[in-house]
>>> print(open('my_file_28.tsv').read())   # TSV, C-alpha atoms
chain	number	residue	atom	x	y	z
A	1	MET	CA	71.13	116.39	159.63
A	2	ILE	CA	71.96	119.55	157.70
A	3	ARG	CA	75.68	119.09	158.37
A	4	VAL	CA	75.63	115.52	157.06
A	5	ARG	CA	73.85	116.62	153.89
A	6	LEU	CA	76.36	119.46	153.32
A	7	PHE	CA	79.19	117.04	153.79
A	8	TRP	CA	77.89	114.73	151.02
A	9	LEU	CA	77.21	117.67	148.73
A	10	LEU	CA	80.66	119.18	149.14
A	11	SER	CA	82.67	115.94	149.14
A	12	PRO	CA	83.00	115.74	145.31
A	13	LEU	CA	84.13	119.35	145.20
A	14	LEU	CA	86.74	118.82	147.87
A	15	LEU	CA	88.01	115.66	146.16
A	16	ALA	CA	88.32	117.56	142.88
A	17	LEU	CA	90.41	120.20	144.58
A	18	ALA	CA	92.71	117.70	146.29
A	19	GLY	CA	96.33	118.27	145.29
A	20	CYS	CA	95.75	121.96	144.46
A	21	ILE	CA	95.32	123.23	147.98
A	22	VAL	CA	97.68	122.26	150.74
A	23	ILE	CA	96.84	122.33	154.42
A	24	VAL	CA	99.87	123.36	156.40
A	25	GLN	CA	100.66	121.29	159.46
A	26	ALA	CA	103.79	121.78	161.49
A	27	PRO	CA	105.02	121.29	165.05
A	28	PRO	CA	104.55	124.26	167.37
A	29	GLY	CA	106.81	127.19	166.70
A	30	THR	CA	107.79	126.01	163.20
A	31	PRO	CA	106.84	128.50	160.42
A	32	THR	CA	105.68	126.53	157.37
A	33	LEU	CA	105.15	127.53	153.76
A	34	ALA	CA	102.69	125.51	151.71
A	35	PRO	CA	103.24	124.99	147.96
A	36	PRO	CA	101.64	127.63	145.72
A	37	VAL	CA	98.09	127.26	144.48
A	38	LEU	CA	96.49	127.60	141.03
A	39	THR	CA	98.30	130.42	139.21
A	40	ALA	CA	100.96	130.48	141.90
A	41	THR	CA	104.73	130.35	141.57
A	42	GLN	CA	107.14	129.39	144.31
A	43	ILE	CA	106.83	131.58	147.41
A	44	PRO	CA	110.03	133.63	147.86
A	45	PRO	CA	112.37	132.13	150.48
A	46	THR	CA	112.42	135.42	152.40
A	47	LEU	CA	108.67	135.14	153.11
A	48	LEU	CA	108.06	134.05	156.67
A	49	THR	CA	104.61	132.65	157.35
A	50	PRO	CA	102.99	134.66	160.15
A	51	MET	CA	100.44	131.92	160.87
A	52	PRO	CA	100.39	130.11	164.24
A	53	ALA	CA	101.95	126.67	164.40
A	54	VAL	CA	99.64	123.83	163.41
A	55	ILE	CA	98.90	121.17	165.99
A	56	GLY	CA	95.95	119.55	164.20
A	57	VAL	CA	93.39	119.92	161.44
A	58	ALA	CA	90.06	121.42	162.42
A	59	THR	CA	87.23	118.90	162.74
A	60	ALA	CA	83.50	119.28	162.31
A	61	GLY	CA	82.97	120.17	165.93
A	62	ASP	CA	85.61	122.92	165.80
A	63	LEU	CA	83.97	125.07	163.15
A	64	PRO	CA	80.80	127.17	163.28
A	65	THR	CA	78.10	126.52	160.72
A	66	ALA	CA	78.54	129.98	159.20
A	67	LEU	CA	80.57	133.13	159.55
A	68	PRO	CA	79.42	136.76	159.17
A	69	THR	CA	80.46	138.91	156.23
A	70	PHE	CA	83.72	140.81	156.85
A	71	THR	CA	84.31	144.45	155.88
A	72	PRO	CA	87.68	144.94	154.11
A	73	ALA	CA	90.14	147.09	156.00
A	74	ALA	CA	93.86	147.80	155.71
A	75	VAL	CA	95.81	146.34	158.60
A	76	GLY	CA	99.24	147.55	159.66
A	77	THR	CA	100.72	149.94	157.13
A	78	SER	CA	98.36	152.73	156.20
A	79	LEU	CA	97.79	153.30	152.49
A	80	PRO	CA	97.88	156.63	150.67
A	81	SER	CA	94.70	157.93	149.18
A	82	GLY	CA	93.86	156.10	145.96
A	83	ALA	CA	96.28	153.25	146.67
A	84	PHE	CA	93.53	150.66	146.35
A	85	THR	CA	89.82	150.32	145.83
A	86	ALA	CA	87.63	147.38	146.74
A	87	THR	CA	84.68	146.03	144.79
A	88	LEU	CA	81.66	146.15	147.12
A	89	PRO	CA	79.72	144.43	148.45
A	90	PHE	CA	81.85	141.38	149.09
A	91	ALA	CA	80.15	138.02	148.70
A	92	SER	CA	81.23	136.28	151.87
A	93	THR	CA	81.20	132.49	151.74
A	94	PRO	CA	80.03	130.80	154.96
A	95	VAL	CA	82.13	128.04	156.47
A	96	THR	CA	80.51	124.68	157.03
A	97	ALA	CA	81.73	121.75	159.06
A	98	SER	CA	82.01	119.56	155.98
A	99	GLY	CA	85.80	119.28	155.79
A	100	PRO	CA	89.22	120.91	156.19
A	101	ILE	CA	90.08	124.43	155.08
A	102	SER	CA	90.90	125.12	151.43
A	103	ILE	CA	91.66	127.91	148.95
A	104	THR	CA	89.59	127.14	145.88
A	105	LEU	CA	90.45	130.29	143.92
A	106	PHE	CA	93.21	132.90	143.94
A	107	THR	CA	94.00	134.82	140.76
A	108	ALA	CA	95.48	138.15	139.67
A	109	SER	CA	94.71	139.89	136.40
A	110	PRO	CA	95.92	141.08	134.06
A	111	ALA	CA	99.13	139.04	133.97
A	112	GLU	CA	101.19	142.17	133.19
A	113	VAL	CA	100.66	145.85	134.00
A	114	ARG	CA	102.60	149.08	133.80
A	115	PRO	CA	103.48	151.04	136.95
A	116	GLY	CA	100.36	152.81	138.25
A	117	GLU	CA	97.88	150.50	136.51
A	118	LEU	CA	95.22	148.43	138.28
A	119	ILE	CA	95.55	144.81	139.42
A	120	THR	CA	92.43	142.77	140.18
A	121	LEU	CA	92.75	140.03	142.81
A	122	THR	CA	89.97	137.42	143.12
A	123	TRP	CA	89.75	134.66	145.71
A	124	GLU	CA	87.50	132.11	147.38
A	125	VAL	CA	88.37	130.44	150.67
A	126	PHE	CA	86.70	127.82	152.88
A	127	ALA	CA	88.04	128.68	156.34
A	128	GLU	CA	87.33	130.76	159.41
A	129	GLN	CA	89.22	133.80	158.12
A	130	ALA	CA	91.42	135.02	155.28
A	131	THR	CA	94.21	137.60	155.07
A	132	LEU	CA	95.81	139.01	151.93
A	133	TRP	CA	99.38	140.35	151.92
A	134	GLN	CA	101.30	142.30	149.31
A	135	LEU	CA	105.02	141.51	149.39
A	136	ASP	CA	107.66	144.22	149.26
A	137	ALA	CA	110.48	144.36	146.70
A	138	LEU	CA	112.61	142.01	148.84
A	139	GLY	CA	109.88	139.38	149.06
A	140	ARG	CA	108.93	140.22	152.65
A	141	LEU	CA	105.40	140.66	154.02
A	142	GLY	CA	104.41	144.26	153.35
A	143	ILE	CA	100.86	145.67	153.28
A	144	SER	CA	98.08	143.43	154.60
A	145	TYR	CA	94.33	143.47	154.00
A	146	THR	CA	91.68	141.82	156.18
A	147	ILE	CA	89.28	140.37	153.63
A	148	PRO	CA	86.08	138.30	153.47
A	149	LEU	CA	86.17	134.65	152.48
A	150	SER	CA	85.43	135.44	148.85
A	151	GLY	CA	85.59	138.60	146.86
A	152	THR	CA	87.54	140.92	144.57
A	153	LEU	CA	90.09	143.59	145.44
A	154	VAL	CA	91.42	146.15	142.94
A	155	ILE	CA	94.87	147.52	143.79
A	156	SER	CA	96.85	150.19	141.96
A	157	ALA	CA	100.44	149.19	141.25
A	158	SER	CA	102.88	151.76	142.58
A	159	GLU	CA	104.32	154.26	140.09
A	160	THR	CA	107.78	153.19	141.28
A	161	ALA	CA	107.05	149.46	141.03
A	162	ARG	CA	109.41	147.44	138.85
A	163	ASN	CA	109.81	143.78	137.85
A	164	GLU	CA	106.74	142.25	139.56
A	165	ALA	CA	104.00	142.69	142.15
A	166	ASP	CA	103.59	139.65	144.42
A	167	PHE	CA	100.69	138.67	146.68
A	168	VAL	CA	100.11	135.85	149.17
A	169	LEU	CA	96.76	134.70	150.56
A	170	PHE	CA	96.48	133.01	153.97
A	171	ALA	CA	93.41	131.00	155.03
A	172	THR	CA	93.17	129.89	158.65
A	173	SER	CA	90.83	127.85	160.81
A	174	GLY	CA	91.96	127.50	164.38
A	175	GLN	CA	95.58	126.49	164.17
A	176	SER	CA	95.42	125.08	160.63
A	177	SER	CA	96.33	127.19	157.61
A	178	ALA	CA	96.61	127.11	153.84
A	179	GLN	CA	98.24	129.64	151.57
A	180	ALA	CA	98.54	130.57	147.90
A	181	PHE	CA	100.77	132.95	145.92
A	182	VAL	CA	100.23	134.95	142.72
A	183	SER	CA	102.49	137.35	140.83
A	184	VAL	CA	101.87	140.07	138.24
A	185	ARG	CA	104.66	141.21	135.96
A	186	ILE	CA	105.42	144.94	135.88
A	187	SER	CA	106.41	145.98	132.37
A	188	CYS	CA	109.50	148.17	132.12
A	189	PRO	CA	108.57	151.83	131.49
A	190	ASP	CA	112.08	153.21	130.95
A	191	ALA	CA	114.95	152.72	128.48
A	192	TRP	CA	118.69	152.59	129.11
A	193	PHE	CA	120.79	155.56	127.99
A	194	PHE	CA	123.41	153.45	126.20
A	195	PRO	CA	123.31	150.87	123.38
A	196	ASN	CA	123.52	147.11	123.90
A	197	PRO	CA	122.14	147.43	127.47
A	198	PRO	CA	121.53	144.72	130.08
A	199	ALA	CA	118.27	142.77	130.16
A	200	ASP	CA	117.37	144.23	133.58
A	201	CYS	CA	114.84	147.02	133.82
A	202	PRO	CA	116.30	150.39	134.92
A	203	SER	CA	114.97	151.79	138.17
A	204	SER	CA	114.28	155.21	136.63
A	205	PRO	CA	114.84	157.28	133.49
A	206	PRO	CA	118.49	158.27	132.89
A	207	HIS	CA	119.95	161.16	134.87
A	208	TYR	CA	121.58	163.25	132.14
A	209	THR	CA	124.17	165.53	133.65
A	210	THR	CA	127.06	167.90	133.15
A	211	MET	CA	130.23	165.95	133.93
A	212	GLN	CA	133.90	166.66	134.58
A	213	ALA	CA	136.55	163.94	134.50
A	214	GLU	CA	140.23	163.58	135.33
A	215	HIS	CA	142.69	160.71	134.83
A	216	PHE	CA	145.18	159.61	137.46
A	217	GLN	CA	148.10	157.22	137.54
A	218	ARG	CA	145.92	154.51	139.05
A	219	GLY	CA	142.35	155.55	138.46
A	220	LEU	CA	139.74	158.06	137.36
A	221	MET	CA	137.50	160.72	138.91
A	222	LEU	CA	134.08	161.69	137.56
A	223	TRP	CA	131.99	164.63	138.86
A	224	THR	CA	128.26	164.70	138.13
A	225	GLU	CA	126.33	167.94	138.49
A	226	TRP	CA	122.89	166.35	138.98
A	227	ASN	CA	123.78	164.95	142.42
A	228	ARG	CA	127.10	166.76	143.09
A	229	LEU	CA	128.94	163.51	143.68
A	230	ILE	CA	132.49	162.56	142.78
A	231	TYR	CA	132.83	158.97	141.61
A	232	ILE	CA	136.32	157.59	142.22
A	233	ILE	CA	137.30	154.52	140.20
A	234	TYR	CA	140.40	152.78	141.54
A	235	MET	CA	142.68	150.69	139.35
A	236	ASP	CA	144.73	149.16	142.16
A	237	ASP	CA	143.93	145.91	144.00
A	238	LEU	CA	142.60	147.42	147.24
A	239	ARG	CA	139.04	147.91	148.43
A	240	PRO	CA	136.73	149.60	147.91
A	241	ARG	CA	137.12	149.24	144.17
A	242	TRP	CA	135.13	152.45	143.64
A	243	GLU	CA	133.33	154.98	145.80
A	244	ALA	CA	131.19	158.10	145.60
A	245	ARG	CA	131.93	161.18	147.70
A	246	GLY	CA	130.09	164.43	148.06
A	247	ASP	CA	131.64	167.49	146.41
A	248	ALA	CA	133.02	169.34	149.46
A	249	TRP	CA	134.44	172.31	147.56
A	250	THR	CA	132.48	175.59	147.42
A	251	GLU	CA	133.18	178.99	145.90
A	252	GLY	CA	135.61	180.97	148.02
A	253	MET	CA	137.69	177.97	149.09
A	254	PRO	CA	141.29	177.70	147.77
A	255	PRO	CA	141.32	175.71	144.53
A	256	ASP	CA	144.36	173.65	145.58
A	257	ASN	CA	147.12	173.25	148.18
A	258	PRO	CA	150.19	175.26	147.08
A	259	ALA	CA	152.37	173.21	149.43
A	260	ILE	CA	151.80	170.12	147.26
A	261	VAL	CA	154.03	170.25	144.20
A	262	PRO	CA	153.55	167.49	141.60
A	263	PRO	CA	156.45	166.01	139.60
A	264	LEU	CA	157.05	167.31	136.10
A	265	GLY	CA	154.34	166.16	133.72
A	266	TYR	CA	151.76	165.50	136.48
A	267	TYR	CA	149.08	167.63	138.09
A	268	GLN	CA	147.53	168.31	141.46
A	269	PRO	CA	143.72	168.09	141.08
A	270	VAL	CA	141.81	171.25	141.96
A	271	ARG	CA	138.47	172.28	143.47
A	272	GLY	CA	136.20	169.31	144.34
A	273	PHE	CA	138.57	166.76	142.84
A	274	GLY	CA	141.37	168.28	144.90
A	275	VAL	CA	139.47	168.07	148.22
A	276	ALA	CA	138.54	164.42	147.59
A	277	TRP	CA	142.07	163.57	146.39
A	278	ARG	CA	143.90	165.16	149.34
A	279	ASP	CA	141.56	163.27	151.73
A	280	GLU	CA	143.04	165.13	154.68
A	281	HIS	CA	141.04	163.28	157.34
A	282	ALA	CA	142.42	159.87	156.37
A	283	PRO	CA	145.76	158.57	157.69
A	284	ALA	CA	148.80	158.67	155.41
A	285	GLY	CA	148.90	155.60	153.21
A	286	ALA	CA	145.10	155.26	153.20
A	287	ARG	CA	144.26	158.55	151.49
A	288	VAL	CA	142.66	158.76	148.07
A	289	ARG	CA	145.86	160.39	146.76
A	290	ASP	CA	147.88	157.40	147.95
A	291	ARG	CA	145.73	155.05	145.90
A	292	LEU	CA	145.21	157.16	142.76
A	293	GLY	CA	148.64	158.78	142.50
A	294	TRP	CA	149.10	162.06	140.62
A	295	ALA	CA	146.70	163.36	138.01
A	296	THR	CA	147.95	162.71	134.50
A	297	ASP	CA	145.91	165.51	132.95
A	298	GLU	CA	143.79	168.46	134.00
A	299	GLU	CA	140.05	167.94	134.50
A	300	PHE	CA	137.95	168.13	131.33
A	301	PRO	CA	134.24	167.94	130.40
A	302	VAL	CA	132.54	164.73	129.26
A	303	SER	CA	129.76	165.18	126.72
A	304	ASN	CA	126.42	163.31	126.72
A	305	ALA	CA	127.03	162.03	130.23
A	306	ALA	CA	124.37	160.09	132.15
A	307	PHE	CA	123.87	157.89	135.19
A	308	GLN	CA	121.37	155.07	135.70
A	309	CYS	CA	120.91	151.99	137.93
A	310	ASP	CA	119.02	148.75	137.45
A	311	ALA	CA	115.84	147.97	139.37
A	312	ARG	CA	117.07	145.10	141.49
A	313	ALA	CA	115.80	145.46	145.03
A	314	ARG	CA	119.13	144.27	146.40
A	315	TYR	CA	122.64	144.38	144.94
A	316	SER	CA	121.79	146.90	142.25
A	317	ARG	CA	124.35	147.75	139.58
A	318	CYS	CA	124.76	151.31	138.28
A	319	TYR	CA	126.10	152.62	134.99
A	320	ILE	CA	127.88	155.92	134.40
A	321	THR	CA	129.36	157.61	131.34
A	322	GLY	CA	133.14	158.03	131.26
A	323	PRO	CA	135.65	159.61	128.87
A	324	ASN	CA	135.62	158.49	125.24
A	325	SER	CA	131.96	157.42	125.54
A	326	GLN	CA	132.88	154.42	127.67
A	327	ILE	CA	130.22	153.15	130.06
A	328	TYR	CA	131.47	152.11	133.49
A	329	ALA	CA	129.44	149.46	135.33
A	330	LEU	CA	129.66	149.99	139.09
A	331	GLU	CA	129.08	146.78	141.01
A	332	PRO	CA	127.01	146.73	144.24
A	333	GLU	CA	128.57	147.43	147.64
A	334	LEU	CA	131.61	149.12	146.00
A	335	SER	CA	132.88	145.62	145.17
A	336	GLY	CA	134.08	146.17	141.61
A	337	TRP	CA	133.71	147.88	138.27
A	338	PHE	CA	134.25	147.16	134.61
A	339	VAL	CA	133.80	148.83	131.23
A	340	TRP	CA	130.45	147.74	129.83
A	341	ALA	CA	130.75	145.85	126.56
A	342	GLY	CA	127.34	144.20	126.35
A	343	PRO	CA	125.09	141.80	128.27
A	344	THR	CA	127.97	139.34	128.73
A	345	PRO	CA	130.91	141.75	129.13
A	346	THR	CA	134.53	140.89	129.63
A	347	PRO	CA	136.12	142.79	132.55
A	348	GLN	CA	138.73	145.27	131.44
A	349	PRO	CA	142.31	145.39	132.81
A	350	GLY	CA	142.47	147.28	136.09
A	351	GLY	CA	138.75	146.97	136.75
A	352	ALA	CA	138.23	143.31	137.45
A	353	ARG	CA	134.87	142.38	138.87
A	354	SER	CA	134.77	140.95	142.35
>>> encode(input="my_file_28.tsv", output="structure tokens")
Amino acid sequence: MIRVRLFWLLSPLLLALAGCIVIVQAPPGTPTLAPPVLTATQIPPTLLTPMPAVIGVATAGDLPTALPTFTPAAVGTSLPSGAFTATLPFASTPVTASGPISITLFTASPAEVRPGELITLTWEVFAEQATLWQLDALGRLGISYTIPLSGTLVISASETARNEADFVLFATSGQSSAQAFVSVRISCPDAWFFPNPPADCPSSPPHYTTMQAEHFQRGLMLWTEWNRLIYIIYMDDLRPRWEARGDAWTEGMPPDNPAIVPPLGYYQPVRGFGVAWRDEHAPAGARVRDRLGWATDEEFPVSNAAFQCDARARYSRCYITGPNSQIYALEPELSGWFVWAGPTPTPQPGGARS
């Protein structure tokens, strides 16, 4: 008699929530994503639902009249000290046999935070169990939390977080599941080192550095002290279009190869540029010197040099100072480069984007 009465009491509530919460049903073995709920946006396509396949919706006889209160605990990846705090005690909502599972509340506040600030997640679920996941920067399932059916969880955004923090809530009863997604924007804490920058947030503050540069017949070399890398920018049509090599020259090594004599008006690069240019481990025809040609000047310092990349989790673009205060945009996967001219730049001759 109690179950019948609960059913009539909860029916208006469940009807009011219809269309907001989706029960996922799928043939066995088929991962299914339900539409987002409440404050949700579309779940990233890279998110794979870890719920079991649905073969039917739970009925009144399948569910217990009530469930015990759960204690929150991190599952899977362990968290560093201070990574999150939970508001205790949780108010666990019992499950009744009055209807199918549902997520009646899932919110994140505030809507925007800075790296390191707190995010408050609040939820209410009618189901046998609930699990909360934080997605990684690529939209994949990351850290998970076993949670009660209703409650609040306070999580500290990572100091290195950029762009957004995304969370997905799964509710399950037997082999039926529902899910909801919320996102919190991470405000950009850093500024670009050059004017008229892209709209993307940089991944870090600029790396200001001592720099040496040298021009070649078909390209440019840039040496940065902060990471001791030599950036090679090719102006031919081969790949890679650019690359970064470690500075292999150390004090005590010969500065150049006296057996290599450049034509009149050209130069053999020396020290680190020379080691990278000679590229002695590569076959003839595929060496850096074969692509760049002779140096057209001796190496020289570049003032106010810096290096910085955007905060995209995949296919990040980096920016580096060059001679004459030009900013070179280095495309991901060594695929291309161009001289930055603004948010909608025109590729320069010899540096066409791929």
>>> atom_distance(input="my_file_28.tsv", atom1="atom CA of A:Glu280", atom2="atom CA of A:Asn257")
11.2 Å
>>> atom_distance(input="my_file_28.tsv", atom1="atom CA of A:Val168", atom2="atom CA of A:Phe181")
4.4 Å
>>> residues_around(input="my_file_28.tsv", residues="A:Ala329", least_positions_apart="5", cutoff="8 Å", atoms="all atoms listed in the file", output="number ranges by chain")
A: 317-320, 337-340
>>> atom_distance(input="my_file_28.tsv", atom1="atom CA of A:Ile230", atom2="atom CA of A:Thr250")
13.8 Å
>>> closest_residue(input="my_file_28.tsv", among="A:Phe126, A:Phe194, A:Phe106, A:Trp294", to="A:Leu153", atoms="all atoms listed in the file")
A:Phe106
>>> residues_around(input="my_file_28.tsv", residues="A:Ile103", least_positions_apart="2", cutoff="8 Å", atoms="all atoms listed in the file", output="list in words")
Ile21, Val37, Ile101, Leu105, Phe106, Trp123, Glu124, Val125, Phe126, Ala171, Ala178, Gln179 and Ala180 of chain A
>>> residues_around(input="my_file_28.tsv", residues="stretch 210-215 of chain A", least_positions_apart="2", cutoff="10 Å", atoms="all atoms listed in the file", output="PyMOL selection string")
chain A and resi 207-208+217-226+228+230-233+267+269+273+292-306+321-323
>>> residues_around(input="my_file_28.tsv", residues="A:Ser187", least_positions_apart="3", cutoff="10 Å", atoms="only C-alpha atoms", output="ChimeraX atom specification")
/A:112-115,161-164,184,190,201
>>> residues_around(input="my_file_28.tsv", residues="A:Leu135", least_positions_apart="5", cutoff="7 Å", atoms="only C-alpha atoms", output="list of chain:residue names")
A:Arg140, A:Leu141, A:Gly142, A:Asp166, A:Phe167
>>> closest_residue(input="my_file_28.tsv", among="A:Pro100, A:Pro283, A:Pro189, A:Pro148", to="A:Pro206", atoms="all atoms listed in the file")
A:Pro189
>>> axis_aligned_box(input="my_file_28.tsv", around="stretch 203-222 of chain A", padding_each_side="3 Å", output="AutoDock Vina command-line options")
--center_x 131.2 --center_y 159.8 --center_z 135.6 --size_x 39.8 --size_y 22.1 --size_z 12.9
